[in-house]
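Source file: entry-v6.cif; contents: mmCIF, C-alpha atoms and all ligand atoms.
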data_final
loop_
_atom_site.label_atom_id
_atom_site.label_comp_id
_atom_site.auth_asym_id
_atom_site.auth_seq_id
_atom_site.Cartn_x
_atom_site.Cartn_y
_atom_site.Cartn_z
CA MET I 2 15.35 40.53 -15.02
CA LYS I 3 13.94 37.31 -16.26
CA LEU I 4 15.74 35.43 -13.48
CA ILE I 5 14.36 37.78 -10.83
CA SER I 6 10.77 37.50 -12.02
CA SER I 7 10.88 33.72 -12.15
CA THR I 8 12.45 33.64 -8.68
CA LYS I 9 9.57 35.82 -7.51
CA ALA I 10 7.10 33.44 -9.09
CA ILE I 11 8.70 30.50 -7.32
CA LEU I 12 8.65 32.34 -4.01
CA ARG I 13 4.98 33.18 -4.50
CA VAL I 14 4.15 29.53 -5.17
CA ALA I 15 6.19 28.50 -2.14
CA PHE I 16 4.37 31.07 0.01
CA PHE I 17 0.93 29.89 -1.01
CA THR I 18 1.96 26.26 -0.62
CA SER I 19 3.19 26.88 2.91
CA LEU I 20 0.05 28.88 3.71
CA PHE I 21 -2.08 26.03 2.39
CA LEU I 22 -0.09 23.49 4.40
CA SER I 23 -0.19 25.54 7.59
CA CYS I 24 -3.96 25.98 7.32
CA ASN I 25 -4.34 22.25 6.74
CA SER I 26 -1.52 20.86 8.87
CA ASN I 27 -3.85 18.29 10.46
CA ALA I 28 -5.88 17.62 7.36
CA ALA I 29 -3.38 16.58 4.69
CA PRO I 30 -5.01 13.73 2.77
CA PRO I 31 -3.67 10.24 3.56
CA ASP I 32 -0.82 9.32 1.22
CA ALA I 33 -0.35 5.60 0.55
CA VAL I 34 2.98 6.15 -1.25
CA ALA I 35 4.41 8.05 1.72
CA GLY I 36 2.81 5.38 3.91
CA LYS I 37 4.77 2.62 2.22
CA ALA I 38 8.04 4.45 2.92
CA LYS I 39 7.02 5.01 6.55
CA ALA I 40 5.95 1.37 6.98
CA GLN I 41 9.39 -0.15 6.30
CA THR I 42 9.86 -1.07 9.98
CA CYS I 43 6.44 -2.72 10.02
CA PHE I 44 7.29 -5.08 7.14
CA THR I 45 9.50 -7.33 9.31
CA CYS I 46 6.36 -8.52 11.10
CA HIS I 47 3.27 -7.48 9.08
CA GLY I 48 4.88 -8.07 5.67
CA GLU I 49 5.12 -5.72 2.71
CA ASN I 50 1.97 -7.46 1.40
CA GLY I 51 0.17 -6.96 4.75
CA ILE I 52 0.25 -10.66 5.65
CA GLY I 53 1.65 -11.35 9.14
CA ILE I 54 4.77 -13.52 9.17
CA ALA I 55 3.54 -15.62 12.13
CA PRO I 56 0.07 -16.70 13.38
CA GLU I 57 0.13 -14.28 16.33
CA ILE I 58 0.79 -11.31 14.05
CA PRO I 59 -2.36 -9.85 12.47
CA ASN I 60 -2.78 -9.40 8.72
CA LEU I 61 -3.23 -5.72 7.87
CA ALA I 62 -3.96 -6.13 4.14
CA ALA I 63 -7.35 -4.60 3.22
CA GLN I 64 -8.07 -3.60 6.83
CA PRO I 65 -10.25 -0.46 6.84
CA ALA I 66 -7.89 2.52 7.13
CA LEU I 67 -9.78 4.00 10.09
CA SER I 68 -9.53 0.74 12.00
CA ILE I 69 -5.73 0.65 11.55
CA THR I 70 -5.42 4.30 12.55
CA TYR I 71 -7.58 3.91 15.68
CA GLN I 72 -5.67 0.83 16.82
CA LEU I 73 -2.35 2.65 16.35
CA ILE I 74 -3.66 5.60 18.38
CA GLN I 75 -4.70 3.19 21.12
CA PHE I 76 -1.26 1.52 21.13
CA ARG I 77 0.50 4.89 21.21
CA GLY I 78 -1.68 5.98 24.14
CA GLN I 79 -1.04 2.61 25.86
CA GLN I 80 -4.79 1.92 26.09
CA ARG I 81 -4.01 -1.23 24.10
CA LYS I 82 -0.87 -3.26 24.72
CA GLY I 83 0.66 -6.27 23.01
CA GLY I 84 3.38 -7.49 20.69
CA ALA I 85 5.63 -4.50 21.49
CA MET I 86 3.20 -2.40 19.44
CA GLU I 87 3.09 0.33 22.13
CA ALA I 88 6.78 1.09 21.59
CA LEU I 89 6.47 0.80 17.79
CA ALA I 90 3.54 3.23 17.65
CA MET I 91 5.16 5.75 20.02
CA PRO I 92 7.18 7.72 17.41
CA LEU I 93 4.34 7.88 14.85
CA SER I 94 2.48 11.15 14.25
CA ASP I 95 -1.22 11.14 13.38
CA GLN I 96 -0.26 11.84 9.76
CA ASP I 97 2.22 8.90 9.75
CA MET I 98 -0.59 6.65 11.00
CA ARG I 99 -3.04 7.84 8.33
CA ASP I 100 -0.44 7.36 5.59
CA ILE I 101 0.55 3.86 6.77
CA ALA I 102 -3.13 2.93 7.16
CA ALA I 103 -3.81 4.08 3.57
CA TYR I 104 -0.97 1.89 2.32
CA TYR I 105 -2.20 -1.28 4.04
CA ALA I 106 -5.90 -0.61 3.36
CA PHE I 107 -5.36 -0.59 -0.42
CA LEU I 108 -3.54 -3.96 -0.57
CA PRO I 109 -5.41 -7.04 -1.83
CA PRO I 110 -7.13 -8.97 1.00
CA PRO I 111 -5.47 -12.02 2.58
CA PRO I 112 -6.32 -15.37 0.96
CA ALA I 113 -9.07 -17.51 2.50
CA LYS I 114 -7.87 -20.50 4.54
CA SER I 115 -9.52 -23.88 4.48
CA GLY I 116 -10.38 -25.61 7.75
CA ASN I 117 -12.72 -28.04 9.48
CA ALA I 118 -16.05 -27.68 7.60
CA GLU I 119 -18.20 -28.39 10.68
CA LYS I 120 -16.35 -25.82 12.77
CA ILE I 121 -16.63 -23.23 10.00
CA ALA I 122 -20.39 -23.84 9.66
CA LYS I 123 -20.83 -23.48 13.41
CA GLY I 124 -18.82 -20.25 13.35
CA GLN I 125 -21.01 -18.83 10.61
CA GLN I 126 -24.13 -19.72 12.59
CA ILE I 127 -22.82 -18.01 15.77
CA SER I 128 -21.69 -14.99 13.79
CA SER I 129 -25.17 -14.41 12.39
CA ALA I 130 -27.00 -15.29 15.64
CA GLN I 131 -24.77 -12.83 17.56
CA TYR I 132 -24.98 -10.14 14.86
CA CYS I 133 -21.19 -9.95 14.46
CA ASN I 134 -21.79 -9.05 10.80
CA SER I 135 -24.04 -6.12 11.69
CA CYS I 136 -20.85 -4.28 12.66
CA HIS I 137 -18.01 -6.18 10.96
CA GLY I 138 -19.85 -6.37 7.61
CA ALA I 139 -21.83 -9.08 5.80
CA GLN I 140 -18.64 -10.97 4.88
CA LEU I 141 -16.79 -9.76 8.01
CA GLN I 142 -14.79 -7.49 5.71
CA GLY I 143 -14.77 -4.64 8.23
CA GLN I 144 -15.95 -1.07 7.82
CA LYS I 145 -14.93 2.38 9.07
CA HIS I 146 -13.30 1.94 12.50
CA ILE I 147 -14.35 -1.73 12.75
CA ALA I 148 -11.74 -4.37 11.96
CA ARG I 149 -11.79 -6.74 9.02
CA LEU I 150 -11.99 -10.34 10.32
CA ALA I 151 -12.19 -12.07 6.90
CA GLY I 152 -8.92 -13.86 6.14
CA GLN I 153 -7.46 -12.90 9.50
CA SER I 154 -5.21 -15.40 11.31
CA SER I 155 -7.47 -17.64 13.42
CA GLU I 156 -4.89 -17.78 16.24
CA TYR I 157 -4.85 -13.99 16.38
CA ILE I 158 -8.68 -13.79 16.46
CA VAL I 159 -8.88 -16.36 19.28
CA THR I 160 -6.36 -14.39 21.40
CA GLN I 161 -8.10 -11.06 20.79
CA LEU I 162 -11.59 -12.37 21.55
CA LYS I 163 -10.37 -13.90 24.81
CA ASN I 164 -8.58 -10.66 25.73
CA ILE I 165 -11.66 -8.57 24.90
CA ARG I 166 -13.90 -10.99 26.83
CA SER I 167 -11.68 -10.86 29.93
CA GLY I 168 -11.32 -7.08 29.67
CA SER I 169 -7.51 -7.23 29.34
CA ARG I 170 -8.01 -5.56 25.92
CA VAL I 171 -10.24 -2.55 26.46
CA ASP I 172 -12.30 -1.60 23.39
CA MET I 173 -12.94 2.01 22.52
CA ASP I 174 -16.67 2.19 23.21
CA GLY I 175 -17.55 -1.02 25.06
CA THR I 176 -19.72 -2.45 22.26
CA MET I 177 -17.21 -5.16 21.39
CA GLY I 178 -16.79 -6.05 25.07
CA SER I 179 -20.46 -6.83 25.40
CA ALA I 180 -20.45 -8.77 22.10
CA ALA I 181 -17.61 -11.02 23.37
CA ARG I 182 -18.91 -11.58 26.90
CA GLY I 183 -21.41 -14.32 25.97
CA LEU I 184 -18.98 -16.40 23.89
CA SER I 185 -17.59 -19.74 25.13
CA ASP I 186 -14.07 -20.89 24.22
CA GLU I 187 -15.67 -23.27 21.71
CA ASP I 188 -17.69 -20.47 20.13
CA ILE I 189 -14.52 -18.41 19.80
CA GLU I 190 -12.63 -21.25 18.09
CA ALA I 191 -15.52 -21.74 15.63
CA ILE I 192 -15.85 -18.03 14.83
CA ALA I 193 -12.09 -17.77 14.26
CA ALA I 194 -12.16 -20.71 11.82
CA TYR I 195 -15.13 -19.17 9.99
CA ALA I 196 -13.49 -15.72 9.72
CA ALA I 197 -10.22 -17.22 8.45
CA SER I 198 -12.15 -19.12 5.77
CA LEU I 199 -13.48 -15.88 4.22
CA ASN I 200 -11.73 -13.77 1.62
C1 LIG M 301 8.02 -7.17 16.13
C2 LIG M 301 6.86 -7.42 15.29
C3 LIG M 301 5.99 -6.22 14.92
C4 LIG M 301 6.37 -5.06 14.27
C5 LIG M 301 7.77 -4.64 13.81
C6 LIG M 301 5.14 -4.30 14.09
N1 LIG M 301 4.06 -4.98 14.60
FE1 LIG M 301 2.13 -4.37 14.58
N2 LIG M 301 1.58 -6.01 15.68
C7 LIG M 301 2.44 -7.01 16.08
C8 LIG M 301 1.71 -7.94 16.93
C9 LIG M 301 2.28 -9.19 17.58
C10 LIG M 301 0.39 -7.45 17.03
C11 LIG M 301 -0.75 -8.04 17.84
C12 LIG M 301 -0.72 -7.38 19.20
C13 LIG M 301 -1.71 -7.97 20.17
O1 LIG M 301 -1.56 -9.13 20.49
O2 LIG M 301 -2.63 -7.25 20.57
C14 LIG M 301 0.34 -6.24 16.21
C15 LIG M 301 -0.80 -5.48 16.02
C16 LIG M 301 -0.88 -4.40 15.16
C17 LIG M 301 -2.11 -3.72 14.79
C18 LIG M 301 -3.51 -4.06 15.27
C19 LIG M 301 -4.23 -4.80 14.18
C20 LIG M 301 -5.65 -5.15 14.51
O3 LIG M 301 -6.26 -5.87 13.68
O4 LIG M 301 -6.18 -4.73 15.53
C21 LIG M 301 -1.77 -2.73 13.94
C22 LIG M 301 -2.71 -1.73 13.27
C23 LIG M 301 -0.33 -2.78 13.76
N3 LIG M 301 0.17 -3.81 14.50
C24 LIG M 301 0.39 -1.92 12.95
C25 LIG M 301 1.79 -1.88 12.90
C26 LIG M 301 2.55 -0.83 12.25
C27 LIG M 301 1.94 0.34 11.51
C28 LIG M 301 3.87 -1.14 12.42
C29 LIG M 301 5.09 -0.34 11.97
C30 LIG M 301 5.17 1.01 12.51
C31 LIG M 301 3.94 -2.39 13.18
N4 LIG M 301 2.65 -2.79 13.45
C32 LIG M 301 5.10 -3.05 13.49
C33 LIG M 301 3.78 -7.13 15.74
C34 LIG M 301 4.55 -6.16 15.13
C1 LIG M 302 -21.70 -3.08 17.90
C2 LIG M 302 -20.68 -3.36 16.92
C3 LIG M 302 -19.92 -4.69 17.05
C4 LIG M 302 -20.46 -5.96 17.13
C5 LIG M 302 -21.90 -6.38 17.17
C6 LIG M 302 -19.31 -6.85 17.14
N1 LIG M 302 -18.13 -6.14 17.05
FE1 LIG M 302 -16.25 -6.92 17.04
N2 LIG M 302 -15.46 -5.05 17.11
C7 LIG M 302 -16.18 -3.88 17.10
C8 LIG M 302 -15.29 -2.77 17.29
C9 LIG M 302 -15.67 -1.29 17.36
C10 LIG M 302 -13.98 -3.32 17.41
C11 LIG M 302 -12.69 -2.57 17.70
C12 LIG M 302 -12.59 -2.52 19.23
C13 LIG M 302 -11.43 -1.70 19.74
O1 LIG M 302 -10.30 -2.18 19.73
O2 LIG M 302 -11.67 -0.60 20.20
C14 LIG M 302 -14.13 -4.76 17.28
C15 LIG M 302 -13.07 -5.65 17.33
C16 LIG M 302 -13.18 -7.01 17.16
C17 LIG M 302 -12.08 -7.94 17.10
C18 LIG M 302 -10.60 -7.60 17.16
C19 LIG M 302 -10.12 -7.48 15.73
C20 LIG M 302 -8.69 -7.09 15.58
O3 LIG M 302 -8.26 -7.06 14.42
O4 LIG M 302 -7.99 -6.84 16.55
C21 LIG M 302 -12.62 -9.19 16.92
C22 LIG M 302 -11.84 -10.50 16.77
C23 LIG M 302 -14.05 -9.04 16.87
N3 LIG M 302 -14.38 -7.70 17.01
C24 LIG M 302 -14.94 -10.08 16.70
C25 LIG M 302 -16.34 -9.96 16.82
C26 LIG M 302 -17.25 -11.08 16.87
C27 LIG M 302 -16.84 -12.52 16.76
C28 LIG M 302 -18.51 -10.55 17.05
C29 LIG M 302 -19.81 -11.30 17.25
C30 LIG M 302 -19.83 -12.22 18.38
C31 LIG M 302 -18.37 -9.10 17.07
N4 LIG M 302 -17.04 -8.78 16.93
C32 LIG M 302 -19.42 -8.22 17.21
C33 LIG M 302 -17.56 -3.76 16.93
C34 LIG M 302 -18.47 -4.82 17.01
#
Would you give me this structure, written as structure tokens?
Amino acid sequence: MKLISSTKAILRVAFFTSLFLSCNSNAAPPDAVAGKAKAQTCFTCHGENGIGIAPEIPNLAAQPALSITYQLIQFRGQQRKGGAMEALAMPLSDQDMRDIAAYYAFLPPPPAKSGNAEKIAKGQQISSAQYCNSCHGAQLQGQKHIARLAGQSSEYIVTQLKNIRSGSRVDMDGTMGSAARGLSDEDIEAIAAYAASLN
């Protein structure tokens, strides 16, 4: 008797759990622990600590979760291409992306890199004159769907700004395209040095 009633209780819990999950199948909260397990294949390039293993591989540590998720969606949909990321994003579900994004977003930010002081000062000046920080944050730390630039690899930033300027990387709403259009190669180099120097 006792066994039967406890089995019933378990079944009832299981029923309500499955009901809850089915009602919320698209809205399960992001799970950073599950994200770490799902991110094992990413570690070879982006590191377990979210620091890219080579200059052309972006740091993901402390990137806003929404920014990571949106970029993964764009890779999966082939709107953005590069670094074999289209193929790597292909098998990921929306929930996988949210979980992986939660994992990387909660890691400590990449360390600041020193560089040419004059270049860094020029980059800071351009960044404020062009209002880069109005979207990317006062310290270029990123927010919501907008990428963190602080502590990012300068080589990676240079490549992305040139791709966005030329239109070979299409941005989601066109705002970043117009921000990049007026920048010279020199401006881009200076901004990248400035961003890398921030923590
Ligand atoms: C073989 C190396 C490699 C692996 C493995 C890899 N990536 Fe990448 N990833 C790259 C490179 C290179 C880029 C830059 C692509 C470009 O040039 O646009 C990138 C870009 C990204 C970006 C865009 C970052 C930004 O700031 O816009 C995200 C997000 C990302 N990867 C997540 C992942 C996730 C999640 C995984 C695991 C499922 C993964 N990557 C596995 C090499 C890799
Ligand atoms: C109106 C808001 C806005 C302004 C202003 C803006 N950005 Fe962006 N930026 C974005 C958004 C949104 C993205 C993501 C674009 C996408 O991939 O869809 C982005 C992406 C980027 C990226 C790619 C980051 C990565 O990790 O791949 C770089 C680099 C960048 N911005 C630099 C700049 C610089 C430098 C300036 C100033 C000259 C600037 N942005 C001004 C909104 C803005």
Which centre and edge lengths in Å to one decimal define the box along x, y and z that fits every listed atom of ligand LIG 301 (chain M) plus 3 Å per side, as JSON?
{"center_x": 0.9, "center_y": -4.1, "center_z": 16.0, "size_x": 20.3, "size_y": 16.2, "size_z": 15.1}
Taking only C-alpha atoms and all ligand atoms into account, produce a table as CSV in which each residue of chain I with an atom at most 6 Å from an atom of ligand LIG 302 (chain M) appears once, together with its shortest atom pair and the distance in Å to one decimal, ordered by chain and rising number.
residue,atom,partner,partner_atom,distance
I:Ser128,CA,M:LIG302,C29,5.4
I:Gln131,CA,M:LIG302,C30,5.0
I:Tyr132,CA,M:LIG302,C5,5.4
I:Cys133,CA,M:LIG302,C29,3.4
I:Ser135,CA,M:LIG302,C5,5.9
I:Cys136,CA,M:LIG302,C2,4.4
I:Ile147,CA,M:LIG302,C8,4.8
I:Ala148,CA,M:LIG302,O3,5.0
I:Ile158,CA,M:LIG302,C22,4.6
I:Gln161,CA,M:LIG302,C22,5.5
I:Leu162,CA,M:LIG302,C22,5.1
I:Asp172,CA,M:LIG302,O2,3.4
I:Met173,CA,M:LIG302,O2,3.7
I:Thr176,CA,M:LIG302,C1,4.8
I:Met177,CA,M:LIG302,N1,4.5
I:Ala180,CA,M:LIG302,C32,5.0
I:Ala181,CA,M:LIG302,C30,5.6
I:Ile192,CA,M:LIG302,C27,5.9
Next on the checklist: Env of Ile58 of chain I: 12 Å cut, atoms = only C-alpha atoms, seq-sep filter 5 positions within chain, self excluded. Answer as a ChimeraX atom specification.
Outcome noted: /I:43-48,51-53,83-86,153-158,160-161
Please write the residues from the selection above to a file, keeping C-alpha atoms, as a PDB file, in the coordinates of the input.
ATOM      1  CA  CYS I  43       6.440  -2.720  10.020  1.00  0.00           C
ATOM      2  CA  PHE I  44       7.290  -5.080   7.140  1.00  0.00           C
ATOM      3  CA  THR I  45       9.500  -7.330   9.310  1.00  0.00           C
ATOM      4  CA  CYS I  46       6.360  -8.520  11.100  1.00  0.00           C
ATOM      5  CA  HIS I  47       3.270  -7.480   9.080  1.00  0.00           C
ATOM      6  CA  GLY I  48       4.880  -8.070   5.670  1.00  0.00           C
ATOM      7  CA  GLY I  51       0.170  -6.960   4.750  1.00  0.00           C
ATOM      8  CA  ILE I  52       0.250 -10.660   5.650  1.00  0.00           C
ATOM      9  CA  GLY I  53       1.650 -11.350   9.140  1.00  0.00           C
ATOM     10  CA  GLY I  83       0.660  -6.270  23.010  1.00  0.00           C
ATOM     11  CA  GLY I  84       3.380  -7.490  20.690  1.00  0.00           C
ATOM     12  CA  ALA I  85       5.630  -4.500  21.490  1.00  0.00           C
ATOM     13  CA  MET I  86       3.200  -2.400  19.440  1.00  0.00           C
ATOM     14  CA  GLN I 153      -7.460 -12.900   9.500  1.00  0.00           C
ATOM     15  CA  SER I 154      -5.210 -15.400  11.310  1.00  0.00           C
ATOM     16  CA  SER I 155      -7.470 -17.640  13.420  1.00  0.00           C
ATOM     17  CA  GLU I 156      -4.890 -17.780  16.240  1.00  0.00           C
ATOM     18  CA  TYR I 157      -4.850 -13.990  16.380  1.00  0.00           C
ATOM     19  CA  ILE I 158      -8.680 -13.790  16.460  1.00  0.00           C
ATOM     20  CA  THR I 160      -6.360 -14.390  21.400  1.00  0.00           C
ATOM     21  CA  GLN I 161      -8.100 -11.060  20.790  1.00  0.00           C
TER      22      GLN I 161
END
Checklist entry - Restricting the calculation to all atoms listed in the file, which member of I:Ala55, I:Ala29, I:Ala193, I:Leu89 is positioned closest to ligand LIG 301 (chain M)? => result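 Of I:Ala55, I:Ala29, I:Ala193, I:Leu89, the one nearest ligand LIG 301 (chain M), counting all atoms listed in the file, is I:Leu89.
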Next on the checklist: Using all atoms listed in the file, can you tell me which of I:Ser129, I:Ser198, I:Asn50, I:Gln41 comes closest to Leu150 of chain I?
Outcome noted: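 Checking each candidate against Leu150 of chain I, we get I:Ser198 as the closest.
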Item to check | Minimum-distance residue to Arg170 of chain I, chosen among I:Ala197, I:Phe76, I:Phe107, I:Leu141 (using all atoms listed in the file) | outcome: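 Among the listed residues, the smallest separation from Arg170 of chain I belongs to I:Phe76.
Proximity to ligand LIG 301 (chain M) was assessed for I:Arg166, I:Lys120, I:Arg149, I:Lys114 counting all atoms listed in the file; the smallest distance is recorded for I:Arg149.
Atom C23 of ligand LIG 301 (chain M) is found 14.0 Å from atom CA of Asp95 of chain I.
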